[in-house]
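> Below you'll find the structure I mean.
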Amino acid sequence: KGYKAQEIIGKHFSCFYLPEAGDKPDQELAVAARDGQCADEDWRLRKDGTRFWASVTITALRGNDGELLGFAKITRDITERKRAEKEREATAEFLALVNESESTADLIHSAATFFQKQSGCEAVGIRLKQGDDYPYYVARGFPEEFVQLENSLCARDLKGQLLRDEIGNPVIECMCGNIIQGRFDPAKPFFTKHGGFWTNCTTELLASTTEADRRARTRNRCNGAGYESVALLPLHTGEQRIGLVQLNDKRKGQFSPEAIGLWER
């Protein structure tokens, strides 16, 4: 993907495989030589280093005397098909959770399990509206101290009283407050067009943006606790935002635009 013919002539086809593929290219050739053909679906690399799902067919080429002359290899990009399959599977799994849940509380806990499994993240939280605030209804994988410090999103004065805006609404702080209250700029790469937020490196985000870019003063506790990959997905009841799903991991690079889009949908 992305190569011109003259750039790949003479190269070993293993250059299109992921580094962790090991000796898989040679194994596939061995299968094709033995059985006449080898078919596989797996990740491959584009010229720019990004990955795509590929359907690969390797056919052994033999002369009239049966001598192995070489191989013909056809690679097709099936990324969209795989993405659609994954979305159908995830949707079916989530709908099954909905149908099996006996109460709202049961559903919320099941949803936390679902998103933690789907994302592979070490920590997941679900915030829901309670009075003027949006505390954690579920928080898994977070240190207890983190949950205690981050549980309330409401800004307070030195006396502990709620701060309110000019029309009397409570001031909801940090990036979580942005997502819950719909304060976002889809032109920024860390916001989605549906009002979600995600980053694969909070350290880089904080160093390269201002509070104006981020639409609010951020507490930066996620970064302070070592979380680099963070995603915040709004929860809706109709047009009303009632909370969010939070996914945190100390590893960088846990998310992709495709995965975030799937979870939002």
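Residue numbers start at 1 in each chain; chains themselves are named A, B, ... in the order of the structure tokens; ligands are numbered from 1 in the order shown.
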Write out as a VMD selection string the residues lying within 12 Å of Leu163 (chain A), counting only C-alpha atoms and excluding same-chain residues fewer than 4 positions away.
chain A and resid 132 to 133 153 to 159 167 to 173
> Keeping only N, CA and C atoms, write the selected residues as a compact mmCIF listing (two decimals), in the first residue's frame.

# COMPACT_ATOMS: atom_id res chain seq x y z
N ASP A 132 -26.58 18.11 41.24
CA ASP A 132 -25.85 19.05 40.39
C ASP A 132 -24.54 18.47 39.87
N ASP A 133 -24.16 17.29 40.33
CA ASP A 133 -22.83 16.76 40.05
C ASP A 133 -22.91 15.49 39.18
N LEU A 153 -17.13 16.79 40.05
CA LEU A 153 -16.70 17.67 38.97
C LEU A 153 -17.09 19.12 39.21
N CYS A 154 -17.86 19.37 40.25
CA CYS A 154 -18.34 20.73 40.52
C CYS A 154 -17.22 21.60 41.10
N ALA A 155 -17.08 22.80 40.56
CA ALA A 155 -16.14 23.76 41.11
C ALA A 155 -16.71 24.37 42.39
N ARG A 156 -15.84 24.61 43.37
CA ARG A 156 -16.29 25.16 44.65
C ARG A 156 -15.37 26.31 45.07
N ASP A 157 -15.92 27.22 45.89
CA ASP A 157 -15.10 28.32 46.37
C ASP A 157 -14.33 27.89 47.62
N LEU A 158 -13.63 28.82 48.23
CA LEU A 158 -12.81 28.49 49.39
C LEU A 158 -13.63 28.01 50.58
N LYS A 159 -14.91 28.35 50.61
CA LYS A 159 -15.79 27.90 51.69
C LYS A 159 -16.47 26.57 51.37
N ILE A 167 -26.11 32.13 34.72
CA ILE A 167 -27.53 31.78 34.72
C ILE A 167 -27.87 30.77 35.81
N GLY A 168 -26.93 30.56 36.72
CA GLY A 168 -27.22 29.74 37.89
C GLY A 168 -26.86 28.28 37.80
N ASN A 169 -26.32 27.84 36.66
CA ASN A 169 -25.92 26.44 36.54
C ASN A 169 -24.59 26.21 37.24
N PRO A 170 -24.41 25.04 37.87
CA PRO A 170 -23.13 24.75 38.52
C PRO A 170 -22.00 24.68 37.49
N VAL A 171 -20.83 25.15 37.86
CA VAL A 171 -19.67 25.10 36.99
C VAL A 171 -19.07 23.69 37.07
N ILE A 172 -19.08 22.98 35.95
CA ILE A 172 -18.54 21.61 35.89
C ILE A 172 -17.15 21.68 35.29
N GLU A 173 -16.17 21.21 36.04
CA GLU A 173 -14.77 21.43 35.69
C GLU A 173 -14.18 20.34 34.80
> Quick one: residues within 10 Å of region 238-251 of chain A, only C-alpha atoms counted, chain neighbours fewer than 4 positions away excluded, as a ChimeraX atom specification?
/A:111-112,115-116,119-130,133-142,176-177,179-182,196-202,222-223,225-234,255,263-264
> In Å, with one decimal, what is the gap from CA of Glu258 (chain A) to CA of Cys15 (chain A)?
24.9 Å
> Would you mind writing down, as a PyMOL selection string, each residue of region 36-240 of chain A that DSSP on the backbone assigns to alpha helix (DSSP H)?
chain A and resi 79-100+104-119+144-150+174-181+202-208+211-214+221-224
> Mind pulling up the distance from CA of Ile108 (chain A) to CA of Glu144 (chain A)?
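CA of Glu144 (chain A) sits 19.8 Å away from CA of Ile108 (chain A).
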